[in-house]
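Text of data_19.txt, listed as compact mmCIF, C-alpha atoms:
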# COMPACT_ATOMS: atom_id res chain seq x y z
CA MET A 1 -9.02 -10.62 -1.04
CA THR A 2 -8.01 -11.18 -4.63
CA VAL A 3 -5.26 -9.51 -6.60
CA SER A 4 -6.23 -8.39 -10.09
CA ASN A 5 -4.06 -8.69 -13.18
CA HIS A 6 -3.66 -4.90 -13.20
CA THR A 7 -2.48 -4.91 -9.59
CA GLN A 8 0.05 -7.65 -10.31
CA ALA A 9 1.58 -5.57 -13.10
CA VAL A 10 1.76 -2.40 -10.99
CA LEU A 11 3.38 -4.39 -8.19
CA LEU A 12 6.08 -5.66 -10.54
CA LEU A 13 6.85 -2.15 -11.71
CA THR A 14 6.68 -0.21 -8.44
CA ALA A 15 7.20 -2.48 -5.41
CA HIS A 16 9.99 -4.17 -3.49
CA PHE A 17 9.43 -7.86 -2.67
CA SER A 18 12.30 -8.24 -0.22
CA LYS A 19 14.72 -6.02 1.65
CA PRO A 20 16.43 -3.90 -1.02
CA GLY A 21 19.92 -5.10 -1.85
CA LYS A 22 22.87 -2.96 -2.87
CA ASP A 23 22.67 -3.80 -6.56
CA GLU A 24 18.93 -4.50 -6.77
CA ILE A 25 17.00 -2.85 -9.56
CA LYS A 26 15.04 0.08 -8.14
CA PRO A 27 11.23 0.03 -8.63
CA LEU A 28 9.61 3.11 -10.14
CA SER A 29 8.96 5.96 -7.71
CA PRO A 30 5.52 7.66 -7.60
CA LYS A 31 6.82 10.48 -9.84
CA GLU A 32 8.39 8.01 -12.28
CA TRP A 33 5.27 5.89 -12.32
CA GLY A 34 3.17 9.00 -13.00
CA ARG A 35 4.98 9.93 -16.19
CA PHE A 36 5.38 6.34 -17.37
CA ALA A 37 1.69 5.64 -16.78
CA LEU A 38 0.75 8.81 -18.67
CA TRP A 39 2.79 7.67 -21.67
CA LEU A 40 1.10 4.26 -21.61
CA LYS A 41 -2.35 5.83 -21.33
CA GLU A 42 -1.74 8.14 -24.28
CA ARG A 43 -1.00 5.05 -26.38
CA SER A 44 -3.97 3.04 -25.11
CA LEU A 45 -1.67 0.60 -23.33
CA THR A 46 -2.09 -0.92 -19.87
CA PRO A 47 0.51 -2.30 -17.46
CA GLU A 48 -0.92 -5.81 -17.87
CA GLN A 49 0.00 -5.83 -21.53
CA LEU A 50 3.67 -5.34 -20.67
CA VAL A 51 3.63 -8.60 -18.69
CA MET A 52 1.62 -10.61 -21.20
CA GLY A 53 3.37 -9.26 -24.31
CA GLU A 54 6.81 -8.12 -25.40
CA PRO A 55 7.81 -4.89 -23.59
CA LYS A 56 10.43 -4.04 -26.22
CA THR A 57 7.78 -4.02 -28.94
CA LEU A 58 5.04 -2.34 -26.92
CA LEU A 59 7.38 0.39 -25.66
CA ASP A 60 8.70 1.34 -29.08
CA GLY A 61 9.18 5.10 -28.94
CA TRP A 62 9.57 5.28 -25.16
CA SER A 63 12.61 7.29 -24.10
CA ASP A 64 13.52 8.29 -20.56
CA LYS A 65 17.04 8.54 -19.15
CA ASP A 66 15.91 7.20 -15.76
CA ILE A 67 13.20 4.73 -16.77
CA THR A 68 15.10 2.73 -19.33
CA LEU A 69 13.71 -0.22 -21.26
CA GLU A 70 16.29 -2.44 -19.55
CA ARG A 71 15.06 -1.31 -16.14
CA ILE A 72 11.43 -1.99 -17.05
CA GLU A 73 12.27 -5.45 -18.37
CA GLN A 74 14.22 -6.28 -15.21
CA LEU A 75 11.32 -5.16 -13.02
CA LEU A 76 8.84 -7.21 -15.03
CA SER A 77 11.06 -10.30 -14.75
CA ARG A 78 10.47 -10.55 -10.98
CA SER A 79 7.29 -12.64 -11.21
CA ALA A 80 8.63 -15.48 -9.03
CA ALA A 81 9.61 -13.05 -6.28
CA LEU A 82 6.19 -11.39 -6.57
CA ALA A 83 4.43 -14.72 -6.16
CA LEU A 84 6.33 -15.65 -3.02
CA ALA A 85 5.97 -12.20 -1.45
CA MET A 86 2.24 -12.01 -2.14
CA GLU A 87 1.67 -15.47 -0.71
CA LYS A 88 3.33 -14.37 2.52
CA TRP A 89 1.53 -11.03 2.71
CA LEU A 90 -1.88 -12.45 1.88
CA ARG A 91 -1.50 -15.12 4.54
CA ALA A 92 -0.92 -12.32 7.04
CA GLY A 93 -4.13 -10.61 5.93
CA LEU A 94 -2.64 -7.74 3.94
CA TRP A 95 -4.28 -6.32 0.86
CA VAL A 96 -2.95 -4.19 -1.99
CA MET A 97 -4.70 -1.22 -3.60
CA THR A 98 -3.75 0.65 -6.78
CA ARG A 99 -4.81 4.08 -8.00
CA SER A 100 -7.32 2.47 -10.36
CA ASP A 101 -9.23 0.74 -7.55
CA PRO A 102 -12.59 2.36 -6.74
CA GLY A 103 -11.74 2.53 -3.04
CA TYR A 104 -8.45 4.39 -3.51
CA PRO A 105 -8.57 7.47 -1.24
CA ILE A 106 -10.03 10.34 -3.21
CA ARG A 107 -8.44 13.02 -1.04
CA VAL A 108 -5.00 11.69 -1.90
CA LYS A 109 -5.81 11.68 -5.62
CA GLN A 110 -7.18 15.20 -5.56
CA ARG A 111 -4.31 16.67 -3.58
CA LEU A 112 -1.30 14.80 -4.93
CA LYS A 113 -2.56 14.10 -8.45
CA LEU A 114 0.26 12.42 -10.44
CA ASP A 115 2.34 12.13 -7.28
CA SER A 116 -0.26 9.88 -5.66
CA PRO A 117 1.40 6.60 -4.66
CA PRO A 118 0.76 3.87 -7.24
CA LEU A 119 0.29 1.28 -4.47
CA LEU A 120 -1.13 1.18 -0.97
CA PHE A 121 -0.42 -1.89 1.15
CA GLY A 122 -2.91 -2.24 3.95
CA CYS A 123 -4.77 -4.24 6.53
CA GLY A 124 -8.18 -3.67 8.03
CA ASN A 125 -11.20 -1.75 6.79
CA PRO A 126 -10.30 0.03 3.51
CA GLN A 127 -13.55 2.00 3.49
CA LEU A 128 -12.13 4.20 6.25
CA LEU A 129 -9.64 5.64 3.76
CA ASN A 130 -12.39 7.76 2.22
CA GLN A 131 -13.91 9.03 5.46
CA GLY A 132 -11.39 11.78 6.14
CA GLY A 133 -11.00 12.97 9.72
CA VAL A 134 -8.53 14.81 11.92
CA ALA A 135 -4.80 14.23 11.45
CA VAL A 136 -2.84 14.29 14.72
CA VAL A 137 0.93 14.64 14.52
CA GLY A 138 3.74 15.26 16.95
CA SER A 139 6.97 14.20 18.53
CA ARG A 140 7.88 10.67 19.58
CA ASP A 141 9.42 12.06 22.78
CA ALA A 142 6.45 14.05 24.06
CA ASP A 143 5.84 14.97 27.69
CA THR A 144 2.94 13.65 29.76
CA GLY A 145 0.83 16.74 29.13
CA ASP A 146 1.07 16.44 25.36
CA LEU A 147 0.37 12.70 25.50
CA ALA A 148 -2.73 13.31 27.62
CA PHE A 149 -3.90 16.01 25.18
CA SER A 150 -3.45 13.59 22.26
CA ARG A 151 -5.39 10.79 23.98
CA ASN A 152 -8.21 13.17 24.84
CA LEU A 153 -8.26 14.53 21.30
CA GLY A 154 -8.61 10.96 20.04
CA ARG A 155 -11.49 10.34 22.44
CA LEU A 156 -13.16 13.59 21.40
CA ALA A 157 -12.92 12.66 17.72
CA ALA A 158 -14.56 9.31 18.45
CA GLN A 159 -17.34 10.92 20.47
CA GLN A 160 -18.05 13.46 17.72
CA GLY A 161 -17.97 10.86 14.94
CA TYR A 162 -14.66 11.72 13.25
CA SER A 163 -11.74 9.44 12.40
CA ILE A 164 -8.22 10.03 13.67
CA VAL A 165 -5.49 9.95 11.02
CA SER A 166 -1.99 9.46 12.37
CA GLY A 167 1.34 7.76 11.79
CA GLY A 168 1.31 4.97 14.37
CA ALA A 169 4.64 6.03 15.86
CA ARG A 170 5.49 6.04 19.55
CA GLY A 171 4.37 9.17 21.38
CA ILE A 172 1.77 11.59 20.03
CA ASP A 173 0.64 9.38 17.13
CA GLU A 174 0.02 6.31 19.23
CA ALA A 175 -1.67 8.25 22.04
CA ALA A 176 -4.22 9.81 19.67
CA MET A 177 -4.92 6.49 17.96
CA VAL A 178 -5.36 4.61 21.25
CA GLY A 179 -7.62 7.35 22.60
CA ALA A 180 -9.94 7.01 19.61
CA LEU A 181 -9.90 3.21 19.45
CA ASP A 182 -10.54 2.78 23.18
CA THR A 183 -13.62 4.99 22.73
CA GLU A 184 -14.85 2.78 19.85
CA GLY A 185 -13.83 5.39 17.30
CA THR A 186 -12.21 4.82 13.91
CA VAL A 187 -8.57 5.30 12.98
CA ILE A 188 -6.43 5.48 9.85
CA GLY A 189 -2.83 4.56 10.67
CA VAL A 190 -0.30 5.56 8.01
CA LEU A 191 2.82 3.53 8.73
CA ALA A 192 6.33 4.19 7.49
CA ASP A 193 7.60 0.71 8.41
CA SER A 194 6.73 -2.75 9.74
CA LEU A 195 3.21 -3.01 8.32
CA LEU A 196 3.39 -6.81 8.28
CA SER A 197 4.31 -6.95 11.97
CA ALA A 198 1.59 -4.48 12.90
CA ALA A 199 -1.01 -6.44 10.95
CA VAL A 200 -0.52 -9.57 13.04
CA SER A 201 0.15 -7.92 16.40
CA ALA A 202 -2.16 -8.45 19.37
CA ARG A 203 -2.22 -4.69 19.95
CA TYR A 204 -4.44 -4.04 16.92
CA ARG A 205 -6.28 -7.36 16.54
CA ARG A 206 -9.59 -6.45 18.19
CA HIS A 207 -9.86 -3.12 16.39
CA LEU A 208 -9.09 -4.69 13.01
CA LEU A 209 -11.76 -7.33 13.57
CA ASN A 210 -14.25 -4.65 14.58
CA ASN A 211 -13.56 -2.72 11.35
CA ASN A 212 -12.57 0.37 13.35
CA LEU A 213 -9.01 0.49 12.06
CA VAL A 214 -7.13 0.50 8.79
CA LEU A 215 -3.34 0.40 8.63
CA VAL A 216 -1.74 1.48 5.35
CA SER A 217 1.74 1.99 4.00
CA THR A 218 3.23 2.97 0.67
CA PHE A 219 6.40 1.04 1.51
CA TYR A 220 7.54 -2.59 1.44
CA PRO A 221 5.41 -4.22 4.20
CA GLU A 222 8.45 -5.75 5.92
CA ALA A 223 10.60 -2.60 5.82
CA GLY A 224 12.32 -1.53 9.03
CA PHE A 225 12.47 2.04 10.26
CA ASN A 226 14.01 4.50 7.84
CA ALA A 227 14.06 8.24 8.51
CA GLY A 228 13.55 9.05 4.84
CA ASN A 229 10.45 6.86 4.64
CA ALA A 230 9.08 8.41 7.83
CA MET A 231 9.47 11.88 6.33
CA ALA A 232 7.97 10.81 3.00
CA ARG A 233 4.81 9.35 4.53
CA ASN A 234 3.91 12.61 6.33
CA LYS A 235 2.20 13.97 3.23
CA TYR A 236 -0.17 11.01 3.17
CA ILE A 237 -1.27 11.64 6.77
CA TYR A 238 -2.29 15.18 5.85
CA CYS A 239 -3.83 14.24 2.51
CA LEU A 240 -6.08 11.56 4.03
CA ALA A 241 -7.54 14.05 6.53
CA ASP A 242 -9.79 17.13 6.50
CA ALA A 243 -7.84 19.07 9.14
CA ALA A 244 -4.63 18.55 11.10
CA VAL A 245 -3.45 19.24 14.65
CA VAL A 246 0.22 19.59 15.59
CA VAL A 247 0.45 18.69 19.28
CA HIS A 248 4.19 19.18 19.71
CA SER A 249 6.91 19.93 17.18
CA GLY A 250 10.59 20.46 17.56
CA ASN A 251 12.45 23.00 15.45
CA LYS A 252 13.42 20.31 12.95
CA GLY A 253 12.53 16.71 12.14
CA GLY A 254 9.51 14.93 10.71
CA THR A 255 6.70 16.84 12.44
CA TRP A 256 8.32 20.17 11.58
CA THR A 257 8.92 19.25 7.94
CA GLY A 258 5.48 17.71 7.46
CA ALA A 259 3.71 20.76 8.91
CA HIS A 260 5.59 23.12 6.61
CA GLU A 261 4.92 20.88 3.61
CA ASN A 262 1.20 21.00 4.39
CA LEU A 263 1.24 24.79 4.78
CA LYS A 264 3.11 25.18 1.51
CA ASN A 265 0.63 23.02 -0.40
CA ALA A 266 -2.49 24.11 1.53
CA TRP A 267 -3.81 20.55 1.74
CA VAL A 268 -5.78 20.98 4.98
CA PRO A 269 -6.21 23.63 7.71
CA LEU A 270 -3.40 23.28 10.24
CA TRP A 271 -4.03 23.82 13.96
CA VAL A 272 -1.41 23.92 16.70
CA LYS A 273 -1.64 23.18 20.42
CA GLU A 274 -0.51 26.03 22.64
CA THR A 275 2.59 25.26 24.71
CA ASP A 276 4.92 26.89 27.21
CA ASN A 277 7.85 24.71 26.14
CA PRO A 278 10.61 27.09 24.95
CA ASP A 279 12.18 24.32 22.85
CA ALA A 280 9.00 23.63 20.88
CA GLY A 281 8.59 24.76 17.29
CA ASN A 282 4.83 25.23 17.68
CA ALA A 283 4.97 29.04 17.67
CA HIS A 284 7.08 29.09 14.51
CA ILE A 285 4.55 26.87 12.72
CA VAL A 286 1.82 29.36 13.68
CA ARG A 287 3.90 32.24 12.33
CA GLU A 288 4.20 30.33 9.06
CA GLY A 289 0.42 29.96 8.72
CA GLY A 290 -0.83 27.51 11.34
CA ARG A 291 -3.55 28.52 13.83
CA TRP A 292 -3.66 28.12 17.59
CA ILE A 293 -6.30 25.92 19.17
CA LYS A 294 -7.72 28.41 21.66
CA ALA A 295 -10.63 26.45 23.09
CA ALA A 296 -10.28 23.82 25.79
CA LEU A 297 -10.83 20.32 24.42
CA ASP A 298 -14.01 19.77 26.41
CA LYS A 299 -15.51 22.84 24.72
CA LEU A 300 -14.15 22.21 21.22
CA SER A 301 -16.32 21.20 18.30
CA LEU A 302 -14.02 19.49 15.83
CA SER A 303 -16.14 20.66 12.91
CA GLU A 304 -14.65 24.12 13.55
CA LEU A 305 -11.24 22.75 12.56
CA PHE A 306 -12.47 22.03 9.05
CA ASP A 307 -12.95 25.71 8.23
CA GLY A 308 -11.51 26.27 4.76
CA SER A 309 -11.08 22.56 4.05
CA GLU A 310 -12.36 21.51 0.66
CA LYS A 311 -14.15 18.28 1.40
CA PRO A 312 -14.63 15.91 -1.53
CA VAL A 313 -18.22 15.33 -2.55
CA ASN A 314 -19.80 12.15 -3.89
CA THR A 315 -16.60 10.16 -3.51
CA SER A 316 -18.06 6.90 -4.78
CA LEU A 317 -18.56 8.46 -8.22
CA TYR A 318 -15.22 10.22 -8.44
CA ASN A 319 -13.06 9.45 -11.45
CA ASP A 320 -9.82 11.38 -11.70
CA SER A 321 -9.05 11.90 -15.38
CA SER A 322 -5.38 12.38 -14.51
CA ASP A 323 -5.19 8.86 -13.05
CA LYS A 324 -3.70 6.82 -15.78
CA PHE A 325 -5.75 3.66 -15.44
CA ALA A 326 -8.85 4.70 -13.51
CA LYS A 327 -11.65 2.31 -14.23
CA GLU A 328 -15.24 3.46 -14.60
CA PRO A 329 -16.71 3.38 -11.07
CA THR A 330 -19.99 1.66 -10.38
CA GLU A 331 -23.14 3.45 -9.41
CA LYS A 332 -23.05 1.80 -5.99
CA LYS A 333 -22.11 3.67 -2.83
CA ILE A 334 -18.69 3.34 -1.25
CA ALA A 335 -20.03 0.70 1.14
CA ASP A 336 -20.63 -1.52 -1.89
CA ASN A 337 -17.32 -0.79 -3.60
CA LYS A 338 -14.99 -3.64 -4.39
CA PRO A 339 -12.11 -4.46 -2.08
CA PRO A 340 -8.68 -3.46 -3.35
CA GLY A 341 -7.82 -5.19 -6.62
CA THR A 342 -10.83 -7.49 -6.59
CA GLY A 343 -13.59 -8.56 -8.91
CA GLN A 344 -16.27 -8.95 -6.23
CA SER A 345 -18.15 -6.48 -4.07
CA MET A 346 -17.19 -6.13 -0.44
CA GLU A 347 -20.78 -6.62 0.63
CA GLN A 348 -20.88 -10.02 -1.05
CA THR A 349 -17.54 -11.30 0.20
CA ASN A 350 -17.01 -9.56 3.56
CA GLU A 351 -13.31 -9.65 2.72
CA GLY A 352 -10.62 -7.13 3.50
CA THR A 353 -12.25 -5.93 6.73
CA GLY A 354 -9.95 -7.45 9.31
CA CYS A 355 -6.60 -9.13 9.12
CA VAL A 356 -7.22 -11.91 11.61
CA GLU A 357 -10.66 -12.72 10.27
CA ASN A 358 -9.39 -12.87 6.72
CA ARG A 359 -6.48 -15.09 7.63
CA SER A 360 -8.45 -17.62 9.64
CA ALA A 361 -11.42 -17.81 7.29
CA THR A 362 -9.55 -18.59 4.08
CA PRO A 363 -11.23 -21.47 2.20
CA ALA A 364 -8.96 -24.29 1.09
CA LEU A 365 -10.18 -23.95 -2.48
CA GLU A 366 -8.98 -20.34 -2.60
CA GLU A 367 -5.53 -21.36 -1.33
CA ILE A 368 -5.29 -23.90 -4.14
CA SER A 369 -6.16 -21.14 -6.62
CA ALA A 370 -3.40 -18.94 -5.20
CA GLU A 371 -0.82 -21.73 -5.33
CA THR A 372 -1.76 -22.51 -8.93
CA ASN A 373 -1.04 -18.97 -10.03
CA PHE A 374 2.26 -18.81 -8.12
CA TYR A 375 3.28 -22.05 -9.82
CA GLN A 376 2.40 -20.63 -13.25
CA PHE A 377 4.68 -17.66 -12.58
CA PHE A 378 7.43 -20.13 -11.70
CA LEU A 379 6.94 -22.12 -14.91
CA ILE A 380 7.26 -19.02 -17.08
CA LYS A 381 10.59 -18.14 -15.50
CA LEU A 382 11.75 -21.77 -15.53
CA LYS A 383 11.12 -22.07 -19.25
CA ASN A 384 13.25 -19.00 -19.95
CA LEU A 385 16.10 -20.28 -17.80
CA ALA A 386 16.20 -23.99 -18.66
CA GLN A 387 15.03 -24.17 -22.26
CA GLN A 388 18.39 -23.54 -23.93
CA GLU A 389 20.60 -25.46 -21.51
CA PRO A 390 20.05 -27.55 -18.35
CA ARG A 391 20.36 -25.70 -15.04
CA THR A 392 21.26 -26.91 -11.55
CA ALA A 393 19.01 -26.36 -8.54
CA ASP A 394 21.50 -23.89 -7.10
CA GLU A 395 21.47 -21.86 -10.31
CA LEU A 396 17.68 -21.84 -10.41
CA ALA A 397 17.37 -20.85 -6.76
CA ARG A 398 19.78 -17.99 -7.31
CA GLU A 399 18.19 -16.78 -10.55
CA LEU A 400 14.61 -17.06 -9.27
CA ASP A 401 15.43 -15.76 -5.78
CA ILE A 402 13.36 -18.44 -4.01
CA ASN A 403 14.18 -20.83 -1.20
CA LYS A 404 15.30 -24.41 -1.87
CA THR A 405 12.29 -26.04 -0.20
CA GLN A 406 9.80 -24.26 -2.45
CA LEU A 407 12.01 -24.74 -5.50
CA ASN A 408 12.31 -28.51 -4.98
CA ALA A 409 8.55 -28.88 -4.54
CA TRP A 410 7.85 -27.05 -7.79
CA LEU A 411 10.61 -28.89 -9.67
CA LYS A 412 9.08 -32.23 -8.65
CA ARG A 413 5.67 -31.04 -9.78
CA ALA A 414 7.02 -29.86 -13.15
CA ILE A 415 8.75 -33.24 -13.66
CA SER A 416 5.55 -35.13 -12.82
CA GLU A 417 3.68 -33.00 -15.37
CA GLN A 418 6.37 -33.81 -17.98
CA LYS A 419 7.30 -30.17 -18.36
CA LEU A 420 10.80 -30.76 -17.04
CA GLN A 421 13.44 -33.46 -17.37
CA SER A 422 15.85 -34.33 -14.56
CA LEU A 423 19.39 -35.09 -15.70
CA TYR A 424 22.15 -36.70 -13.62
CA LYS A 425 25.90 -36.38 -13.04
CA PRO A 426 25.52 -33.62 -12.08
CA ARG A 427 21.83 -33.20 -11.25
CA ARG A 428 20.38 -30.64 -13.69
CA TYR A 429 16.98 -29.72 -15.06
CA ARG A 430 15.98 -29.19 -18.70
CA TRP A 431 12.75 -27.69 -19.99
CA LEU A 432 10.63 -30.08 -22.10
CA ALA A 433 7.24 -28.46 -22.56
CA HIS A 434 6.65 -26.37 -25.67
CA ASP A 435 4.88 -23.46 -24.00
CA VAL A 436 3.35 -22.17 -20.80
CA ASP A 437 -0.20 -20.90 -20.76
CA GLN A 438 0.09 -17.37 -19.36
CA THR A 439 -3.51 -16.35 -19.84
CA GLY A 440 -4.58 -17.82 -16.53
CA LEU A 441 -2.30 -15.44 -14.70
CA PHE A 442 -4.25 -12.47 -15.97
CA ASP A 443 -7.78 -13.84 -16.27
CA GLU A 444 -10.09 -11.35 -14.59
CA HIS A 445 -12.06 -14.19 -13.06
CA GLN A 446 -9.06 -16.05 -11.66
CA LYS A 447 -7.43 -15.27 -8.32
CA ILE A 448 -3.79 -14.95 -7.54
CA GLY A 449 -4.66 -15.25 -3.88
CA SER A 450 -7.60 -15.02 -1.53
CA ARG A 451 -7.57 -13.90 2.02
Since I need it in another form, could you write the structure as structure tokens?
Amino acid sequence: MTVSNHTQAVLLLTAHFSKPGKDEIKPLSPKEWGRFALWLKERSLTPEQLVMGEPKTLLDGWSDKDITLERIEQLLSRSAALALAMEKWLRAGLWVMTRSDPGYPIRVKQRLKLDSPPLLFGCGNPQLLNQGGVAVVGSRDADTGDLAFSRNLGRLAAQQGYSIVSGGARGIDEAAMVGALDTEGTVIGVLADSLLSAAVSARYRRHLLNNNLVLVSTFYPEAGFNAGNAMARNKYIYCLADAAVVVHSGNKGGTWTGAHENLKNAWVPLWVKETDNPDAGNAHIVREGGRWIKAALDKLSLSELFDGSEKPVNTSLYNDSSDKFAKEPTEKKIADNKPPGTGQSMEQTNEGTGCVENRSATPALEEISAETNFYQFFLIKLKNLAQQEPRTADELARELDINKTQLNAWLKRAISEQKLQSLYKPRRYRWLAHDVDQTGLFDEHQKIGSR
């Protein structure tokens, strides 16, 4: 896939590129991004302009006690870290989708509006994100009966032509997903952690290649497990679906909280498996507004679960006016929509449909294009650091947050291109070139990376 100039700018403002450090500047949250994006839109500005121009000038009049100008400038200064992170993620077959991409899940936009996540990291078939389906949620420590129910529910969904939406966690989530995938059904896995590891794991490879699976996350793709992230992603499981089934809930925890959040916001009809377990919170969820599944699974028509669900219509033509940078969608159907952040149709490129296929089929020419853009990011930062006074390699590595091997390779290239001078005793580097052409970084026809 390719990464558009718009996507690059949103990444800089809203994403982590490494494990968050204690003093690291915090990217904008979905709520913060929503109000900042609204302000930009009202002034006919786009995120790309902040990277290409002078933020201090463009943001004249902006005032927010949490989203300070200093914070925005620090976030935008992370271009070298962005380049290195994207190179790694793209090589693993990941893609990135923003709210302005035509394939961004419409159900999420409609239900969360300004709180919709600005970014979705993913792997697999992105078209599945707009198919809806049945969300299946439950405890990690479920008993054999609940696990069997979840597997059979996944199989039933596959047989009746519906996708399973779940969180990919051990227990109920995994059982439902495996049940559907083993029956050649389709699955949307909404992960709270370890997306990069999941994308390259043997467990999912066949299903990703067959376009039956999409794995998505709103979090840093290399993030480890975090209870807060697991709780936060629950809303996306519900909002990607048309109905939800709670197989087993405790009286607290993620399943419990997510079910109540869905009932409070009335995103989708909520159904609950009957249980004799006295420690389960299932009955309480029903008292709060959930409904029991009365029928045996072998007699259940899943379409009955959608009663009261407002299904989106004509999703390929949807354009949410509240989305700050929604581009005019094409007249083509969703099957012909562009992959996340791209400038080509999916039908033409066959990209973004499977992690392993994308990784192994990358043309050498596209890798050169990606490396060129990463190098341009590096030159911009290098000019700012080494123009006034020479800098050592250690200083540059620390300021740019890149490893020494990559730094030395790019320093040698800059010297050979007469952009940089190497000084001795001690070894330092001084910027020579007058300017760096930044337009190539944001040319709509140029790729930052292709996978």
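Comparing the minimum interatomic distances between Gly281 of chain A and each of A:Leu129, A:Ile237, A:Val247, A:Ala397, counting only C-alpha atoms, we find that A:Val247 sits nearest.
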- Task: Using all atoms listed in the file, determine which residues lie at most 9 Å from Ala241 of chain A, disregarding the query and same-chain residues fewer than 5 positions distant; provide the list as a PyMOL selection string.
- Result: chain A and resi 107+131-135+163-165+236+267-268
Next, the residues of the selection above should be written as a compact mmCIF listing (two decimals), keeping the file's coordinate frame with C-alpha atoms.
# COMPACT_ATOMS: atom_id res chain seq x y z
CA ARG A 107 -8.44 13.02 -1.04
CA GLN A 131 -13.91 9.03 5.46
CA GLY A 132 -11.39 11.78 6.14
CA GLY A 133 -11.00 12.97 9.72
CA VAL A 134 -8.53 14.81 11.92
CA ALA A 135 -4.80 14.23 11.45
CA SER A 163 -11.74 9.44 12.40
CA ILE A 164 -8.22 10.03 13.67
CA VAL A 165 -5.49 9.95 11.02
CA TYR A 236 -0.17 11.01 3.17
CA TRP A 267 -3.81 20.55 1.74
CA VAL A 268 -5.78 20.98 4.98
- Task: Tell me, as a list in words, which residues lie within 8 Å of Arg428 of chain A, counting all atoms listed in the file; anything in the same chain fewer than 6 positions away does not count.
- Result: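 So the residues in contact are Pro390, Arg391, Thr392, Ala393 and Ser422 of chain A.
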- All residues 10 Å or closer to Ala227 of chain A, only C-alpha atoms, same chain fewer than 2 positions away omitted, as a PyMOL selection string: chain A and resi 192-193+224-225+229-232+253-254
- Item | Proximity to Ser197 of chain A - best of A:Leu12, A:Cys123, A:Ala295, A:Ala176, only C-alpha atoms |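 Ranked by minimum distance to Ser197 of chain A, first place goes to A:Cys123.
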- Query: Between atom CA of Ala202 of chain A and atom CA of Asn152 of chain A, what is the distance, to one decimal in Å?
  - Reply: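 One can read the atom CA of Ala202 of chain A to atom CA of Asn152 of chain A distance as 23.1 Å.
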- Measure the distance from atom CA of Gly61 of chain A to atom CA of Glu42 of chain A in Å and round it to one decimal.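 Between these atoms lies a distance of 12.3 Å.
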- Item | Among the residues A:Ala81, A:Ile72, A:Val137, A:Leu196, the one that comes closest to Val272 of chain A [using only C-alpha atoms] |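 Result for the nearest residue to Val272 of chain A: A:Val137.
Taking atom CA of Lys252 of chain A as the reference point, atom CA of Arg155 of chain A is found at 28.5 Å.
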- With all atoms listed in the file as the basis for distance, which of A:Gly258, A:Gly34, A:Pro27, A:Pro105 is at the shortest distance from Thr68 of chain A?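 For Thr68 of chain A, the nearest of the given residues is A:Pro27.
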- Determine, counting all atoms listed in the file, which protein, DNA and RNA residues have an atom within 8 Å of an atom of segment 218-223 of chain A; residues of the same chain fewer than 4 positions away are not included. Present the result as a ChimeraX atom specification. /A:15-19,89,117,119-121,192-197,229,233
- Task: Find, counting only C-alpha atoms, the residue in A:Asp394, A:Leu114, A:Met52, A:Leu82 that gets nearest to Phe36 of chain A.
- Result: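 Smallest separation from Phe36 of chain A among the options: A:Leu114.
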